[in-house]
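This is query.cif. It holds mmCIF, C-alpha atoms; chains and numbers go by the auth columns.
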data_protein
loop_
_atom_site.group_PDB
_atom_site.id
_atom_site.type_symbol
_atom_site.label_atom_id
_atom_site.label_comp_id
_atom_site.label_asym_id
_atom_site.label_seq_id
_atom_site.Cartn_x
_atom_site.Cartn_y
_atom_site.Cartn_z
_atom_site.B_iso_or_equiv
_atom_site.auth_seq_id
_atom_site.auth_asym_id
ATOM 1 C CA MET A 1 76.505 5.976 10.345 0.00 1 A
ATOM 2 C CA ASN A 2 73.877 8.081 12.192 0.00 2 A
ATOM 3 C CA ARG A 3 73.339 11.586 10.915 0.00 3 A
ATOM 4 C CA MET A 4 71.981 14.399 13.015 0.00 4 A
ATOM 5 C CA PHE A 5 69.449 16.483 11.152 0.00 5 A
ATOM 6 C CA THR A 6 68.923 20.147 11.818 0.00 6 A
ATOM 7 C CA VAL A 7 65.623 21.911 12.513 0.00 7 A
ATOM 8 C CA GLY A 8 65.482 22.966 8.880 0.00 8 A
ATOM 9 C CA SER A 9 65.916 19.451 7.541 0.00 9 A
ATOM 10 C CA LEU A 10 63.633 18.778 4.580 0.00 10 A
ATOM 11 C CA ILE A 11 64.092 15.027 4.382 0.00 11 A
ATOM 12 C CA PRO A 12 60.599 13.470 4.393 0.00 12 A
ATOM 13 C CA GLY A 13 59.866 11.021 7.179 0.00 13 A
ATOM 14 C CA ARG A 14 62.733 12.129 9.388 0.00 14 A
ATOM 15 C CA MET A 15 62.418 14.262 12.487 0.00 15 A
ATOM 16 C CA SER A 16 65.163 16.584 13.557 0.00 16 A
ATOM 17 C CA ALA A 17 66.910 16.147 16.898 0.00 17 A
ATOM 18 C CA VAL A 18 65.085 19.233 18.160 0.00 18 A
ATOM 19 C CA GLN A 19 61.688 17.872 17.086 0.00 19 A
ATOM 20 C CA GLN A 20 62.450 14.566 18.797 0.00 20 A
ATOM 21 C CA THR A 21 62.985 16.305 22.138 0.00 21 A
ATOM 22 C CA ILE A 22 59.800 18.412 22.057 0.00 22 A
ATOM 23 C CA PRO A 23 56.959 16.753 24.005 0.00 23 A
ATOM 24 C CA LYS A 24 54.077 15.702 21.753 0.00 24 A
ATOM 25 C CA ALA A 25 51.605 17.768 23.795 0.00 25 A
ATOM 26 C CA ILE A 26 53.365 20.937 22.670 0.00 26 A
ATOM 27 C CA LEU A 27 53.237 19.914 19.014 0.00 27 A
ATOM 28 C CA LYS A 28 49.446 19.372 19.104 0.00 28 A
ATOM 29 C CA PRO A 29 47.201 22.256 18.046 0.00 29 A
ATOM 30 C CA GLU A 30 45.606 24.250 20.845 0.00 30 A
ATOM 31 C CA VAL A 31 42.280 22.867 22.000 0.00 31 A
ATOM 32 C CA PHE A 32 39.567 25.261 23.155 0.00 32 A
ATOM 33 C CA THR A 33 37.098 23.962 25.710 0.00 33 A
ATOM 34 C CA GLU A 34 33.506 25.013 26.042 0.00 34 A
ATOM 35 C CA LYS A 35 32.658 26.875 29.217 0.00 35 A
ATOM 36 C CA LEU A 36 29.394 27.624 30.920 0.00 36 A
ATOM 37 C CA ILE A 37 29.686 30.026 33.824 0.00 37 A
ATOM 38 C CA LEU A 38 26.685 31.053 35.884 0.00 38 A
ATOM 39 C CA TYR A 39 26.433 33.980 38.289 0.00 39 A
ATOM 40 C CA GLN A 40 23.712 34.158 40.903 0.00 40 A
ATOM 41 C CA GLY A 41 24.080 37.023 43.328 0.00 41 A
ATOM 42 C CA ILE A 42 27.696 36.920 44.545 0.00 42 A
ATOM 43 C CA ASN A 43 28.069 33.221 43.647 0.00 43 A
ATOM 44 C CA LYS A 44 29.855 31.952 40.556 0.00 44 A
ATOM 45 C CA PHE A 45 29.371 28.415 39.240 0.00 45 A
ATOM 46 C CA GLU A 46 31.256 26.680 36.442 0.00 46 A
ATOM 47 C CA VAL A 47 29.050 24.033 34.874 0.00 47 A
ATOM 48 C CA THR A 48 30.130 21.305 32.491 0.00 48 A
ATOM 49 C CA PRO A 49 27.708 21.615 29.569 0.00 49 A
ATOM 50 C CA GLU A 50 25.338 18.703 28.967 0.00 50 A
ATOM 51 C CA LYS A 51 22.230 18.711 26.812 0.00 51 A
ATOM 52 C CA GLY A 52 19.143 19.420 28.875 0.00 52 A
ATOM 53 C CA ILE A 53 17.652 22.008 31.205 0.00 53 A
ATOM 54 C CA LEU A 54 20.308 24.316 32.663 0.00 54 A
ATOM 55 C CA LEU A 55 18.970 24.081 36.237 0.00 55 A
ATOM 56 C CA ASP A 56 18.889 20.268 36.173 0.00 56 A
ATOM 57 C CA THR A 57 22.418 20.086 34.779 0.00 57 A
ATOM 58 C CA ALA A 58 23.792 22.453 37.424 0.00 58 A
ATOM 59 C CA LEU A 59 22.028 20.668 40.291 0.00 59 A
ATOM 60 C CA LYS A 60 23.195 17.277 39.023 0.00 60 A
ATOM 61 C CA GLN A 61 26.763 18.612 39.226 0.00 61 A
ATOM 62 C CA GLY A 62 26.247 19.765 42.826 0.00 62 A
ATOM 63 C CA LYS A 63 25.987 23.515 42.132 0.00 63 A
ATOM 64 C CA PRO A 64 23.827 25.167 44.838 0.00 64 A
ATOM 65 C CA ILE A 65 21.668 27.302 42.549 0.00 65 A
ATOM 66 C CA GLN A 66 18.665 28.811 44.284 0.00 66 A
ATOM 67 C CA TYR A 67 15.324 27.832 42.748 0.00 67 A
ATOM 68 C CA LYS A 68 11.734 27.305 43.783 0.00 68 A
ATOM 69 C CA CYS A 69 8.899 26.642 41.316 0.00 69 A
ATOM 70 C CA ARG A 70 10.687 25.142 38.257 0.00 70 A
ATOM 71 C CA LYS A 71 7.890 26.674 36.145 0.00 71 A
ATOM 72 C CA GLY A 72 9.418 30.045 35.250 0.00 72 A
ATOM 73 C CA THR A 73 7.023 32.090 37.376 0.00 73 A
ATOM 74 C CA CYS A 74 8.911 32.877 40.604 0.00 74 A
ATOM 75 C CA GLY A 75 12.229 34.082 39.146 0.00 75 A
ATOM 76 C CA GLN A 76 14.215 32.511 42.012 0.00 76 A
ATOM 77 C CA CYS A 77 16.510 30.655 39.564 0.00 77 A
ATOM 78 C CA THR A 78 17.552 33.783 37.650 0.00 78 A
ATOM 79 C CA VAL A 79 21.226 33.525 36.671 0.00 79 A
ATOM 80 C CA LYS A 80 23.564 35.555 34.515 0.00 80 A
ATOM 81 C CA VAL A 81 24.972 33.211 31.891 0.00 81 A
ATOM 82 C CA ASP A 82 28.387 33.395 30.293 0.00 82 A
ATOM 83 C CA ALA A 83 28.336 30.675 27.628 0.00 83 A
ATOM 84 C CA ILE A 84 31.527 30.384 25.591 0.00 84 A
ATOM 85 C CA GLY A 85 31.078 28.078 22.619 0.00 85 A
ATOM 86 C CA ILE A 86 27.749 26.717 23.900 0.00 86 A
ATOM 87 C CA LYS A 87 24.387 27.050 22.225 0.00 87 A
ATOM 88 C CA LEU A 88 21.443 27.788 24.498 0.00 88 A
ATOM 89 C CA SER A 89 17.751 27.828 23.665 0.00 89 A
ATOM 90 C CA GLN A 90 16.138 31.140 22.779 0.00 90 A
ATOM 91 C CA PRO A 91 14.315 32.837 25.675 0.00 91 A
ATOM 92 C CA ASN A 92 10.727 31.605 25.878 0.00 92 A
ATOM 93 C CA GLU A 93 7.611 33.627 26.746 0.00 93 A
ATOM 94 C CA LYS A 94 7.983 33.003 30.486 0.00 94 A
ATOM 95 C CA GLU A 95 11.544 34.352 30.458 0.00 95 A
ATOM 96 C CA LEU A 96 10.628 37.339 28.325 0.00 96 A
ATOM 97 C CA SER A 97 7.741 38.162 30.654 0.00 97 A
ATOM 98 C CA LYS A 98 9.688 37.710 33.897 0.00 98 A
ATOM 99 C CA LEU A 99 13.101 39.138 32.959 0.00 99 A
ATOM 100 C CA LYS A 100 12.137 41.749 30.345 0.00 100 A
ATOM 101 C CA ASP A 101 15.227 43.889 29.526 0.00 101 A
ATOM 102 C CA GLU A 102 17.554 41.811 31.717 0.00 102 A
ATOM 103 C CA ILE A 103 17.707 39.156 28.988 0.00 103 A
ATOM 104 C CA GLY A 104 19.827 41.541 26.924 0.00 104 A
ATOM 105 C CA GLY A 105 22.353 41.554 29.791 0.00 105 A
ATOM 106 C CA GLY A 106 22.751 37.770 29.726 0.00 106 A
ATOM 107 C CA PHE A 107 20.214 36.913 32.432 0.00 107 A
ATOM 108 C CA ARG A 108 18.130 33.760 32.062 0.00 108 A
ATOM 109 C CA LEU A 109 15.812 31.574 34.115 0.00 109 A
ATOM 110 C CA ALA A 110 17.811 28.383 34.737 0.00 110 A
ATOM 111 C CA CYS A 111 14.607 26.309 34.878 0.00 111 A
ATOM 112 C CA GLN A 112 13.572 27.448 31.393 0.00 112 A
ATOM 113 C CA THR A 113 16.931 27.593 29.589 0.00 113 A
ATOM 114 C CA GLU A 114 17.969 24.528 27.643 0.00 114 A
ATOM 115 C CA ILE A 115 21.564 23.647 26.790 0.00 115 A
ATOM 116 C CA MET A 116 21.500 22.680 23.119 0.00 116 A
ATOM 117 C CA SER A 117 25.159 21.754 22.563 0.00 117 A
#
Entire entry expressed as structure tokens:
Amino acid sequence: MNRMFTVGSLIPGRMSAVQQTIPKAILKPEVFTEKLILYQGINKFEVTPEKGILLDTALKQGKPIQYKCRKGTCGQCTVKVDAIGIKLSQPNEKELSKLKDEIGGGFRLACQTEIMS
């Protein structure tokens, strides 16, 4: 004889009829994804984080970030970075010299910023 168990059933190893009808995706814990969003002028780019130089990663993914020297002197690759759950390198001397107080507002030189995780 088949028994139907209720949601409050405490019998180990048995799932209730309600639990059996809930898709497994709903029962899984929520997964948070890492996001790296770059702003350059009026443009917004979402980049999938990969270890390496931020500019190289963005260009490899087809993001049309403006850049010129790749040495940190021209400032053409300046982007505002919104990194959720991603570790970036600390600003180096070139960034500190070029961007000054803008670093506090989330601005970085894409050619000098390294994605660490």
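Put simply, the PyMOL selection byres ((chain A and resi 68) around 12) in this file takes in Leu55, Ile65, Gln66, Tyr67, Cys69, Arg70, Lys71, Gly72, Thr73, Cys74, Gly75, Gln76, Cys77, Thr78, Leu109, Ala110 and Cys111 of chain A.
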Shortest interatomic distance to A:Leu99 - which of A:Val79, A:Lys60, A:Ile86, A:Ser117, counting all atoms listed in the file: A:Val79
Pairwise distance for atom CA of A:Ile103 and atom CA of A:Gly62, rounded to one decimal in Å: 25.3 Å
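The space between atom CA of A:Asp101 and atom CA of A:Pro49 spans 25.5 Å.
For A:Leu88, the residues within 8 Å (counting all atoms listed in the file, excluding itself and residues fewer than 4 positions away along the chain) are Thr113, Glu114, Ile115, Met116 and Ser117 of chain A.
For the pair atom CA of A:Lys94 and atom CA of A:Leu38, the separation is 19.6 Å.
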Nearest-residue call for A:Lys51, choices A:Lys63, A:Lys87, A:Arg108, A:Tyr39, using all atoms listed in the file: A:Lys87
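With only the atoms specified (all atoms listed in the file) counting, those residues at most 8 Å away from (33.4, 21.7, 33.7) are Lys35, Leu36, Glu46, Val47, Thr48 and Pro49 of chain A.
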Contact residues around A:Gly104 with all atoms listed in the file at 12 Å, ignoring same-chain residues under 3 positions, as a ChimeraX atom specification: /A:80-81,90-91,95-96,99-101,107-108
Go ahead and save the picked residues with C-alpha atoms, as a short mmCIF file (atom, residue, chain, number, x, y, z; two decimals), in the coordinates of the input.
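Okay, selection.cif is ready:
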data_model
loop_
_atom_site.label_atom_id
_atom_site.label_comp_id
_atom_site.auth_asym_id
_atom_site.auth_seq_id
_atom_site.Cartn_x
_atom_site.Cartn_y
_atom_site.Cartn_z
CA LYS A 80 23.56 35.56 34.52
CA VAL A 81 24.97 33.21 31.89
CA GLN A 90 16.14 31.14 22.78
CA PRO A 91 14.32 32.84 25.68
CA GLU A 95 11.54 34.35 30.46
CA LEU A 96 10.63 37.34 28.32
CA LEU A 99 13.10 39.14 32.96
CA LYS A 100 12.14 41.75 30.34
CA ASP A 101 15.23 43.89 29.53
CA PHE A 107 20.21 36.91 32.43
CA ARG A 108 18.13 33.76 32.06
#
